[in-house]
$ cat work-v2.csv   # CSV, C-alpha atoms
chain,number,residue,atom,x,y,z
M,856,MET,CA,-20.1,43.1,10.1
M,857,LYS,CA,-22.4,40.2,10.5
M,858,LYS,CA,-21.7,39.2,6.9
M,859,ALA,CA,-18.0,39.4,7.5
M,860,ILE,CA,-18.2,37.2,10.6
M,861,THR,CA,-20.3,34.6,8.7
M,862,ARG,CA,-17.8,34.7,5.8
M,863,ASN,CA,-14.9,34.2,8.2
M,864,LEU,CA,-16.7,31.3,9.8
M,865,ILE,CA,-17.3,29.7,6.5
M,866,VAL,CA,-13.6,30.2,5.5
M,867,THR,CA,-12.5,28.7,8.8
M,868,ALA,CA,-14.8,25.8,8.5
M,869,LEU,CA,-13.5,25.1,5.0
M,870,GLY,CA,-9.9,25.4,6.2
M,871,LEU,CA,-10.5,22.9,8.9
M,872,PHE,CA,-12.1,20.5,6.5
M,873,VAL,CA,-9.1,20.7,4.2
M,874,LEU,CA,-6.6,20.6,7.0
M,875,GLY,CA,-8.5,17.6,8.5
M,876,GLY,CA,-7.8,16.4,4.9
M,877,GLN,CA,-8.0,12.6,5.6
M,878,ILE,CA,-9.6,11.1,2.5
M,879,THR,CA,-12.9,9.8,3.6
M,880,VAL,CA,-14.1,6.3,2.5
M,881,SER,CA,-17.5,5.3,1.4
M,882,ALA,CA,-19.7,3.9,4.1
M,883,GLU,CA,-22.0,0.9,4.0
M,884,GLU,CA,-19.4,-1.9,3.5
M,885,THR,CA,-20.7,-5.2,4.8
M,886,GLY,CA,-19.0,-7.2,7.5
M,887,GLU,CA,-18.4,-10.0,5.0
M,888,ALA,CA,-16.8,-7.7,2.4
M,889,LEU,CA,-14.6,-6.1,5.2
M,890,TYR,CA,-13.6,-9.5,6.4
M,891,LYS,CA,-12.7,-10.7,2.9
M,892,THR,CA,-10.6,-7.5,2.4
M,893,TYR,CA,-8.7,-7.1,5.6
M,894,CYS,CA,-8.9,-10.3,7.7
M,895,SER,CA,-8.8,-13.2,5.3
M,896,GLN,CA,-5.2,-12.5,4.3
M,897,CYS,CA,-4.3,-14.2,7.6
M,898,HIS,CA,-7.5,-15.7,9.0
M,899,GLY,CA,-8.3,-17.4,5.6
M,900,ILE,CA,-11.1,-17.3,3.2
M,901,LYS,CA,-13.0,-19.8,5.4
M,902,GLY,CA,-12.1,-17.8,8.6
M,903,ASP,CA,-10.4,-20.8,10.1
M,904,GLY,CA,-7.0,-19.1,10.6
M,905,MET,CA,-5.4,-20.7,7.5
M,906,GLY,CA,-4.9,-17.6,5.3
M,907,VAL,CA,-2.4,-17.2,2.4
M,908,ASN,CA,0.0,-15.5,4.8
M,909,VAL,CA,0.3,-18.3,7.4
M,910,ARG,CA,3.2,-20.3,5.8
M,911,ASP,CA,6.0,-18.6,7.7
M,912,MET,CA,4.1,-17.1,10.7
M,913,ALA,CA,5.4,-17.8,14.2
M,914,VAL,CA,1.9,-17.6,15.7
M,915,GLN,CA,-1.1,-19.2,14.1
M,916,PRO,CA,-3.9,-16.7,13.5
M,917,ARG,CA,-7.2,-17.2,15.5
M,918,ASP,CA,-9.6,-19.7,14.0
M,919,HIS,CA,-12.8,-17.7,13.9
M,920,THR,CA,-14.9,-20.8,13.3
M,921,ASP,CA,-13.8,-22.2,16.7
M,922,ARG,CA,-17.0,-22.0,18.6
M,923,VAL,CA,-15.5,-22.7,22.0
M,924,ALA,CA,-12.7,-20.2,21.7
M,925,MET,CA,-14.8,-17.5,20.1
M,926,SER,CA,-17.7,-17.8,22.6
M,927,SER,CA,-15.2,-17.0,25.4
M,928,ARG,CA,-14.7,-13.5,23.9
M,929,SER,CA,-17.3,-10.8,24.3
M,930,ASP,CA,-18.2,-8.5,21.4
M,931,ALA,CA,-16.3,-5.7,23.2
M,932,ASP,CA,-13.2,-7.9,23.3
M,933,LEU,CA,-13.4,-8.6,19.6
M,934,PHE,CA,-14.0,-5.0,18.8
M,935,LYS,CA,-11.0,-4.0,20.9
M,936,VAL,CA,-8.6,-6.5,19.3
M,937,VAL,CA,-9.6,-5.5,15.8
M,938,LYS,CA,-9.3,-1.8,16.5
M,939,GLU,CA,-6.3,-1.8,18.8
M,940,GLY,CA,-4.4,-5.0,17.7
M,941,GLY,CA,-3.2,-8.2,19.3
M,942,GLN,CA,-0.9,-6.5,21.8
M,943,ALA,CA,-3.9,-4.6,23.3
M,944,ILE,CA,-5.1,-7.9,24.7
M,945,SER,CA,-1.7,-9.4,25.3
M,946,LYS,CA,-1.7,-11.4,22.1
M,947,SER,CA,0.5,-11.4,19.0
M,948,VAL,CA,1.9,-8.3,17.4
M,949,LEU,CA,1.2,-10.0,14.1
M,950,MET,CA,-2.5,-9.0,14.6
M,951,PRO,CA,-2.3,-5.3,13.7
M,952,ALA,CA,-4.5,-2.5,15.0
M,953,TRP,CA,-7.0,-1.7,12.3
M,954,ALA,CA,-8.0,1.8,13.6
M,955,GLY,CA,-7.2,4.2,10.8
M,956,ALA,CA,-8.1,1.7,8.1
M,957,ILE,CA,-11.5,0.5,9.3
M,958,SER,CA,-14.1,2.8,11.0
M,959,ASP,CA,-15.8,1.9,14.3
M,960,ASP,CA,-19.1,1.2,12.5
M,961,GLU,CA,-17.3,-1.1,10.2
M,962,ILE,CA,-15.5,-2.9,13.0
M,963,ASN,CA,-19.0,-3.5,14.6
M,964,SER,CA,-20.1,-5.1,11.3
M,965,LEU,CA,-16.9,-7.2,11.4
M,966,VAL,CA,-17.7,-8.4,14.9
M,967,LYS,CA,-21.2,-9.4,13.7
M,968,HIS,CA,-19.6,-11.3,10.8
M,969,MET,CA,-17.3,-13.1,13.2
M,970,ARG,CA,-20.3,-14.3,15.1
M,971,VAL,CA,-21.7,-15.7,11.9
M,972,LEU,CA,-18.4,-17.5,11.3
M,973,CYS,CA,-18.3,-19.1,14.7
M,974,GLN,CA,-22.1,-19.5,14.8
M,975,CYS,CA,-21.8,-18.5,18.4
M,976,GLN,CA,-22.4,-15.7,20.9
M,977,HIS,CA,-20.4,-14.7,24.0
M,978,GLY,CA,-20.9,-17.4,26.6
M,979,SER,CA,-22.7,-19.8,24.2
M,980,GLY,CA,-19.7,-22.1,23.5
M,981,SER,CA,-19.8,-25.0,26.0
D,1233,MET,CA,30.2,41.7,-33.3
D,1234,ASN,CA,28.3,42.0,-36.5
D,1235,ASN,CA,27.2,38.4,-36.1
D,1236,HIS,CA,25.7,39.0,-32.7
D,1237,PRO,CA,22.1,39.6,-33.7
D,1238,ARG,CA,22.2,36.6,-36.0
D,1239,THR,CA,23.7,34.4,-33.3
D,1240,SER,CA,21.0,35.5,-30.9
D,1241,ALA,CA,18.3,34.8,-33.4
D,1242,CYS,CA,19.8,31.3,-34.0
D,1243,LEU,CA,20.0,30.6,-30.2
D,1244,LEU,CA,16.4,31.8,-29.8
D,1245,LEU,CA,15.2,29.6,-32.6
D,1246,ALA,CA,17.2,26.6,-31.2
D,1247,GLY,CA,15.6,27.3,-27.8
D,1248,ILE,CA,12.1,27.4,-29.2
D,1249,LEU,CA,12.8,24.2,-31.1
D,1250,ALA,CA,14.2,22.5,-28.0
D,1251,VAL,CA,11.2,23.6,-25.9
D,1252,GLY,CA,8.9,22.6,-28.7
D,1253,MET,CA,10.5,19.2,-29.0
D,1254,ALA,CA,10.5,18.6,-25.3
D,1255,GLN,CA,6.8,19.5,-25.1
D,1256,THR,CA,6.1,17.2,-28.1
D,1257,ALA,CA,8.1,14.4,-26.4
D,1258,LEU,CA,6.2,14.9,-23.1
D,1259,ALA,CA,2.9,15.0,-24.9
D,1260,SER,CA,3.6,11.8,-26.8
D,1261,ALA,CA,4.8,10.2,-23.6
D,1262,ALA,CA,1.5,11.2,-22.0
D,1263,ASP,CA,-0.4,9.8,-25.0
D,1264,PHE,CA,1.6,6.7,-24.7
D,1265,LEU,CA,0.6,6.3,-21.0
D,1266,LYS,CA,-3.0,7.0,-21.8
D,1267,LYS,CA,-3.0,4.5,-24.7
D,1268,ASP,CA,-1.1,1.6,-23.3
D,1269,CYS,CA,-1.3,1.9,-19.5
D,1270,ALA,CA,-4.7,3.4,-18.6
D,1271,GLN,CA,-6.5,0.1,-19.1
D,1272,CYS,CA,-5.0,-1.3,-15.9
D,1273,HIS,CA,-3.6,1.7,-14.1
D,1274,ASN,CA,-5.3,4.8,-12.7
D,1275,LEU,CA,-3.3,7.8,-14.2
D,1276,THR,CA,-5.5,10.6,-12.9
D,1277,GLY,CA,-6.8,9.7,-9.4
D,1278,PRO,CA,-8.5,9.6,-7.0
D,1279,ALA,CA,-7.7,6.2,-5.4
D,1280,PRO,CA,-10.6,3.8,-4.9
D,1281,THR,CA,-12.8,4.6,-1.9
D,1282,THR,CA,-15.0,1.5,-2.0
D,1283,LEU,CA,-13.9,-2.1,-1.4
D,1284,LYS,CA,-15.4,-3.2,-4.7
D,1285,ALA,CA,-13.4,-0.6,-6.6
D,1286,MET,CA,-10.3,-1.6,-4.8
D,1287,TRP,CA,-10.9,-5.3,-5.6
D,1288,GLU,CA,-11.2,-4.5,-9.2
D,1289,ARG,CA,-8.0,-2.6,-9.5
D,1290,LYS,CA,-5.7,-4.4,-12.0
D,1291,GLY,CA,-2.4,-2.6,-11.4
D,1292,PRO,CA,-1.0,0.0,-9.0
D,1293,ASP,CA,-2.3,3.5,-9.1
D,1294,LEU,CA,0.1,5.6,-11.1
D,1295,PHE,CA,-1.2,9.1,-10.6
D,1296,TYR,CA,1.5,9.7,-8.0
D,1297,ALA,CA,4.2,7.6,-9.7
D,1298,GLY,CA,6.6,10.5,-9.7
D,1299,ASN,CA,6.4,10.7,-6.0
D,1300,LYS,CA,6.6,7.0,-5.5
D,1301,TYR,CA,9.1,5.2,-7.8
D,1302,LYS,CA,12.7,5.6,-8.6
D,1303,ARG,CA,13.0,6.5,-12.3
D,1304,ASP,CA,15.9,4.3,-13.2
D,1305,TRP,CA,14.2,1.3,-11.6
D,1306,LEU,CA,11.1,2.0,-13.6
D,1307,GLU,CA,13.0,2.1,-16.9
D,1308,THR,CA,14.8,-1.2,-16.1
D,1309,TRP,CA,11.7,-3.0,-14.7
D,1310,LEU,CA,9.5,-2.0,-17.6
D,1311,GLN,CA,11.8,-3.8,-20.0
D,1312,LYS,CA,12.0,-6.9,-17.9
D,1313,PRO,CA,9.0,-7.0,-15.5
D,1314,THR,CA,9.1,-9.3,-12.5
D,1315,ARG,CA,6.3,-10.1,-10.0
D,1316,ILE,CA,6.2,-7.7,-7.1
D,1317,ARG,CA,3.0,-8.8,-5.5
D,1318,PRO,CA,3.1,-12.6,-5.1
D,1319,ALA,CA,-0.7,-12.8,-4.8
D,1320,GLY,CA,-1.6,-10.1,-7.3
D,1321,MET,CA,-3.0,-6.6,-6.7
D,1322,TYR,CA,-5.7,-7.9,-4.4
D,1323,TYR,CA,-4.9,-11.3,-3.0
D,1324,GLY,CA,-8.6,-12.1,-2.6
D,1325,ASN,CA,-8.9,-12.5,-6.3
D,1326,HIS,CA,-6.1,-15.0,-6.5
D,1327,VAL,CA,-6.3,-17.3,-3.6
D,1328,GLU,CA,-8.1,-20.6,-3.0
D,1329,ARG,CA,-8.1,-23.3,-0.3
D,1330,GLY,CA,-5.2,-25.6,-0.8
D,1331,VAL,CA,-4.4,-28.8,1.1
D,1332,LYS,CA,-3.7,-27.1,4.5
D,1333,SER,CA,-4.2,-23.4,4.0
D,1334,ASP,CA,-5.1,-20.8,1.4
D,1335,GLU,CA,-2.8,-20.8,-1.6
D,1336,ILE,CA,-2.2,-18.6,-4.6
D,1337,LYS,CA,-3.9,-19.5,-7.8
D,1338,THR,CA,-1.0,-18.7,-10.1
D,1339,ALA,CA,-3.2,-19.3,-13.2
D,1340,THR,CA,-5.2,-16.2,-12.6
D,1341,LEU,CA,-2.2,-13.9,-12.1
D,1342,THR,CA,-1.4,-11.7,-15.1
D,1343,VAL,CA,2.0,-10.7,-16.4
D,1344,HIS,CA,3.0,-7.1,-17.1
D,1345,PRO,CA,4.0,-6.6,-20.7
D,1346,ALA,CA,7.6,-5.9,-21.4
D,1347,LEU,CA,8.4,-2.6,-23.2
D,1348,SER,CA,11.2,-1.9,-25.7
D,1349,ALA,CA,14.1,0.2,-24.3
D,1350,ALA,CA,12.8,3.3,-26.1
D,1351,ASP,CA,9.3,2.9,-24.8
D,1352,ALA,CA,10.5,2.1,-21.3
D,1353,LYS,CA,12.5,5.3,-21.2
D,1354,ALA,CA,9.5,7.4,-22.5
D,1355,ALA,CA,7.2,5.7,-20.0
D,1356,ALA,CA,9.5,6.3,-17.1
D,1357,ASP,CA,9.9,10.0,-18.0
D,1358,ALA,CA,6.2,10.4,-18.4
D,1359,LEU,CA,5.5,8.6,-15.1
D,1360,MET,CA,7.9,10.8,-13.2
D,1361,SER,CA,5.8,13.8,-14.2
D,1362,LEU,CA,2.7,12.4,-12.4
D,1363,ARG,CA,3.1,13.9,-9.0
D,1364,ALA,CA,-0.2,13.9,-7.1
D,1365,ASN,CA,-0.1,13.8,-3.3
D,1366,SER,CA,3.1,15.9,-3.1
D,1367,GLU,CA,1.7,17.4,0.1
D,1368,LEU,CA,2.1,14.0,1.8
D,1369,ILE,CA,5.8,13.9,1.1
D,1370,LYS,CA,8.4,15.7,3.1
D,1371,PRO,CA,11.4,16.0,0.7
D,1372,GLY,CA,14.6,14.9,2.5
D,1373,GLU,CA,12.7,13.4,5.5
D,1374,TYR,CA,14.7,10.2,5.2
D,1375,LYS,CA,18.2,10.6,6.6
D,1376,PRO,CA,20.5,7.9,5.2
D,1377,GLY,CA,21.8,5.7,7.9
D,1378,SER,CA,22.3,2.0,8.7
D,1379,ILE,CA,20.9,-0.7,11.0
D,1380,PRO,CA,22.5,-4.0,11.8
D,1381,MET,CA,20.7,-6.6,9.6
D,1382,THR,CA,19.7,-8.7,12.6
D,1383,MET,CA,18.2,-5.6,14.3
D,1384,GLY,CA,16.3,-4.7,11.2
D,1385,GLU,CA,14.9,-8.2,10.9
D,1386,MET,CA,13.8,-8.2,14.5
D,1387,LEU,CA,12.1,-4.8,14.0
D,1388,PHE,CA,10.4,-5.9,10.7
D,1389,ASP,CA,9.4,-9.3,11.9
D,1390,LYS,CA,9.1,-9.7,15.7
D,1391,PHE,CA,8.5,-6.1,16.9
D,1392,ARG,CA,6.2,-4.7,14.2
D,1393,GLY,CA,4.9,-7.8,12.5
D,1394,CYS,CA,5.4,-6.6,9.0
D,1395,MET,CA,6.6,-10.0,7.8
D,1396,ALA,CA,3.1,-11.4,8.3
D,1397,CYS,CA,2.2,-9.9,4.9
D,1398,HIS,CA,5.5,-9.2,3.1
D,1399,GLU,CA,8.3,-11.5,1.9
D,1400,VAL,CA,11.8,-10.5,3.0
D,1401,GLU,CA,13.5,-12.9,0.6
D,1402,PRO,CA,12.1,-15.0,-2.3
D,1403,GLY,CA,10.0,-17.7,-0.8
D,1404,TYR,CA,10.0,-16.4,2.8
D,1405,GLY,CA,7.4,-14.2,4.5
D,1406,GLY,CA,3.8,-13.2,3.9
D,1407,LEU,CA,2.3,-13.2,0.5
D,1408,SER,CA,-0.7,-10.7,0.5
D,1409,GLY,CA,1.5,-7.6,0.3
D,1410,PRO,CA,4.3,-6.7,-2.2
D,1411,GLU,CA,7.7,-8.3,-1.6
D,1412,MET,CA,10.1,-6.1,0.4
D,1413,TYR,CA,13.4,-7.4,-0.8
D,1414,THR,CA,13.5,-5.0,-3.8
D,1415,ALA,CA,11.4,-2.3,-2.2
D,1416,ALA,CA,14.2,0.2,-1.7
D,1417,ARG,CA,15.3,-0.3,-5.3
D,1418,ARG,CA,11.8,0.5,-6.5
D,1419,LEU,CA,10.6,3.2,-4.1
D,1420,GLN,CA,11.8,6.6,-3.1
D,1421,GLU,CA,12.8,6.7,0.6
D,1422,ASP,CA,10.6,9.7,1.4
D,1423,TYR,CA,7.6,7.9,-0.1
D,1424,LEU,CA,8.3,4.8,1.9
D,1425,ILE,CA,8.3,6.9,5.1
D,1426,SER,CA,5.1,8.7,4.2
D,1427,PHE,CA,3.3,5.5,3.1
D,1428,MET,CA,4.3,3.5,6.1
D,1429,ARG,CA,3.3,6.4,8.4
D,1430,ASN,CA,-0.3,6.4,6.9
D,1431,PRO,CA,-1.1,4.0,4.1
D,1432,GLN,CA,-4.7,5.2,4.0
D,1433,ALA,CA,-3.7,8.8,3.2
D,1434,TRP,CA,-2.4,7.4,-0.1
D,1435,ASP,CA,-4.8,4.6,-0.6
D,1436,PRO,CA,-8.0,4.8,1.6
D,1437,ARG,CA,-8.9,1.2,1.1
D,1438,SER,CA,-5.4,-0.3,1.3
D,1439,PHE,CA,-5.3,-3.5,3.3
D,1440,MET,CA,-2.1,-2.5,4.8
D,1441,PRO,CA,-2.8,-1.4,8.4
D,1442,ASN,CA,-1.5,1.9,9.9
D,1443,LYS,CA,1.1,0.5,12.4
D,1444,ASN,CA,1.4,3.8,14.3
D,1445,LEU,CA,5.1,3.7,13.6
D,1446,SER,CA,7.3,6.3,15.4
D,1447,ASP,CA,9.6,8.6,13.3
D,1448,VAL,CA,12.6,6.6,14.7
D,1449,ASP,CA,11.0,3.3,13.6
D,1450,LEU,CA,10.2,4.7,10.1
D,1451,GLN,CA,13.8,5.7,9.6
D,1452,LYS,CA,15.1,2.3,10.9
D,1453,LEU,CA,12.7,0.4,8.6
D,1454,VAL,CA,13.9,2.3,5.6
D,1455,HIS,CA,17.5,1.6,6.6
D,1456,TYR,CA,16.6,-2.1,6.8
D,1457,LEU,CA,14.8,-2.1,3.5
D,1458,ARG,CA,17.8,-0.5,1.8
D,1459,ALA,CA,20.1,-3.1,3.4
D,1460,LEU,CA,17.7,-5.8,2.2
D,1461,SER,CA,17.7,-4.6,-1.4
D,1462,GLU,CA,21.5,-4.3,-1.3
D,1463,GLU,CA,21.7,-7.9,-0.2
D,1464,ASN,CA,19.3,-9.1,-2.9
D,1465,THR,CA,21.4,-7.5,-5.7
D,1466,LYS,CA,24.4,-9.6,-4.9

$ encode --input "work-v2.csv" --output "structure tokens"
Amino acid sequence: MKKAITRNLIVTALGLFVLGGQITVSAEETGEALYKTYCSQCHGIKGDGMGVNVRDMAVQPRDHTDRVAMSSRSDADLFKVVKEGGQAISKSVLMPAWAGAISDDEINSLVKHMRVLCQCQHGSGS
Amino acid sequence: MNNHPRTSACLLLAGILAVGMAQTALASAADFLKKDCAQCHNLTGPAPTTLKAMWERKGPDLFYAGNKYKRDWLETWLQKPTRIRPAGMYYGNHVERGVKSDEIKTATLTVHPALSAADAKAAADALMSLRANSELIKPGEYKPGSIPMTMGEMLFDKFRGCMACHEVEPGYGGLSGPEMYTAARRLQEDYLISFMRNPQAWDPRSFMPNKNLSDVDLQKLVHYLRALSEENTK
């Protein structure tokens, strides 16, 4: 009986694993590599908002090297806009929500990288 | 009546020969893909799960080609390939800072070889047999319909922001993603819906975000892409 219950539990757990079936991605990507992959298409290889996509954009992407503008945002704000998109902070729809493509841990790494780009912390800009 | 057994034997032999020939054709087509396509395309899966592997990808993954492409388009395109991704497979390998903004380094972009008509036909047939990820497709999910062009443009550009990364006509729109003005000619509608619903289910490190599109939006976007492709054949 005990064996049967254990076996059922294993089968159920395996089933959930398969049903949950989202392909997992490898961990341990650096903030810099993540930025280069997902962000620089619009924010540019220098992080100054001049990416390859800006030519026909109605709204200029944020310049992440702008110390004054970036220091007015907390890390929590930056995390939120990356995860939930521009509209979550009443900004442009052109900034997509990256939840689903980038994990929370990875977004934290991205926020750290944005602090490297602006060479600033929240409240350090003026 | 007397000929009946002989006729049956002939039919059986013809059947065996036909099946044998079909199998041989399929096997040679598979060999052809392995020999000429596998250098740049992943024919067996899985898709890359690390950024580095994604950056190094030279051409689109083809292990689910039969669920993705329209066969006739494949056969035509393979004979006369055109650029679908203005900045290559991964834009990061092909951009540099220009005068004002990042620009595409066209010198580093590669050109897909053109195949003969016979090879294109064989390749298209073989590609359509590669059908991984079928569980992600709901056959018949797309219901043909229409959307006024201006509404489609508003949805694609203003409301969902897709134009940030995709061109909607040659020379207009974003450049990091594939152009969208021939998308509906290239791609099966049910695939478009499935991919737009969850790009990472197909390609875990795709740099296309999941836009959390509703079922209604997905249908409307495919209507729009179909209209866009129609417009660009004229």

$ atom_distance --input "work-v2.csv" --atom1 "CA of Gln915 (chain M)" --atom2 "CA of Val1331 (chain D)"
16.5 Å

$ atom_distance --input "work-v2.csv" --atom1 "CA of Pro1278 (chain D)" --atom2 "CA of Ser958 (chain M)"
20.0 Å

$ residues_around --input "work-v2.csv" --residues "Ile957 (chain M)" --least-positions-apart "5" --cutoff "9 Å" --atoms "all atoms listed in the file" --output "list of chain:residue names"
M:Leu889, M:Tyr893, M:Lys938, M:Ile962, D:Arg1437, D:Pro1441

$ closest_atom_pairs --input "work-v2.csv" --of "chain D" --to "chain M" --cutoff "9 Å" --atoms "all atoms listed in the file" --output "CSV"
residue,atom,partner,partner_atom,distance
D:Pro1280,CA,M:Val880,CA,8.6
D:Thr1281,CA,M:Val880,CA,4.9
D:Thr1282,CA,M:Ser881,CA,5.7
D:Leu1283,CA,M:Ala888,CA,7.4
D:Lys1284,CA,M:Ala888,CA,8.5
D:Trp1287,CA,M:Thr892,CA,8.3
D:Ala1319,CA,M:Val907,CA,8.6
D:Tyr1322,CA,M:Thr892,CA,8.4
D:Tyr1323,CA,M:Gln896,CA,7.4
D:Gly1324,CA,M:Lys891,CA,7.0
D:Val1327,CA,M:Val907,CA,7.2
D:Glu1328,CA,M:Ile900,CA,7.6
D:Arg1329,CA,M:Ile900,CA,7.6
D:Lys1332,CA,M:Met905,CA,7.3
D:Ser1333,CA,M:Met905,CA,4.6
D:Asp1334,CA,M:Val907,CA,4.6
D:Glu1335,CA,M:Val907,CA,5.4
D:Ile1336,CA,M:Val907,CA,7.1
D:Asp1389,CA,M:Leu949,CA,8.5
D:Lys1390,CA,M:Val948,CA,7.5
D:Phe1391,CA,M:Val948,CA,7.0
D:Arg1392,CA,M:Val948,CA,6.5
D:Gly1393,CA,M:Leu949,CA,4.6
D:Cys1394,CA,M:Leu949,CA,7.4
D:Met1395,CA,M:Met912,CA,8.1
D:Ala1396,CA,M:Asn908,CA,6.2
D:Cys1397,CA,M:Asn908,CA,6.0
D:His1398,CA,M:Asn908,CA,8.5
D:Tyr1404,CA,M:Asp911,CA,6.7
D:Gly1405,CA,M:Asp911,CA,5.6
D:Gly1406,CA,M:Asn908,CA,4.5
D:Leu1407,CA,M:Asn908,CA,5.4
D:Ser1408,CA,M:Gln896,CA,6.2
D:Asn1430,CA,M:Gly955,CA,8.2
D:Pro1431,CA,M:Ala956,CA,8.4
D:Gln1432,CA,M:Ala956,CA,6.4
D:Ala1433,CA,M:Gln877,CA,6.2
D:Trp1434,CA,M:Ile878,CA,8.5
D:Asp1435,CA,M:Ile878,CA,8.7
D:Pro1436,CA,M:Val880,CA,6.3
D:Arg1437,CA,M:Ala956,CA,7.1
D:Ser1438,CA,M:Ala956,CA,7.6
D:Phe1439,CA,M:Tyr893,CA,5.5
D:Met1440,CA,M:Ala956,CA,8.0
D:Pro1441,CA,M:Trp953,CA,5.7
D:Asn1442,CA,M:Gly955,CA,6.2
D:Lys1443,CA,M:Pro951,CA,6.8
D:Asn1444,CA,M:Ala952,CA,8.7

$ closest_atom_pairs --input "work-v2.csv" --of "region 1359-1401 of chain D" --to "region 1301-1306 of chain D" --cutoff "12 Å" --atoms "only C-alpha atoms" --output "CSV"
residue,atom,partner,partner_atom,distance
D:Leu1359,CA,D:Arg1303,CA,8.3
D:Met1360,CA,D:Arg1303,CA,6.7
D:Ser1361,CA,D:Arg1303,CA,10.4
D:Leu1362,CA,D:Tyr1301,CA,10.7
D:Arg1363,CA,D:Tyr1301,CA,10.6

$ closest_residue --input "work-v2.csv" --among "D:Leu1275, D:Met1428, D:Leu1387, D:Ile1379" --to "Arg1458 (chain D)" --atoms "all atoms listed in the file"
D:Ile1379

$ residues_around --input "work-v2.csv" --residues "Asp1447 (chain D)" --least-positions-apart "6" --cutoff "10 Å" --atoms "all atoms listed in the file" --output "ChimeraX atom specification"
/D:1373-1374,1425,1429,1453

$ write_last_selection --input "work-v2.csv" --atoms "C-alpha atoms" --output "compact mmCIF listing (two decimals), in the coordinates of the input"
# COMPACT_ATOMS: atom_id res chain seq x y z
CA GLU D 1373 12.70 13.40 5.50
CA TYR D 1374 14.70 10.20 5.20
CA ILE D 1425 8.30 6.90 5.10
CA ARG D 1429 3.30 6.40 8.40
CA LEU D 1453 12.70 0.40 8.60

$ closest_residue --input "work-v2.csv" --among "D:Ala1285, D:Ala1279, D:Ala1352, D:Leu1294" --to "Leu1310 (chain D)" --atoms "only C-alpha atoms"
D:Ala1352

$ atom_distance --input "work-v2.csv" --atom1 "CA of Pro1410 (chain D)" --atom2 "CA of Leu1424 (chain D)"
12.8 Å
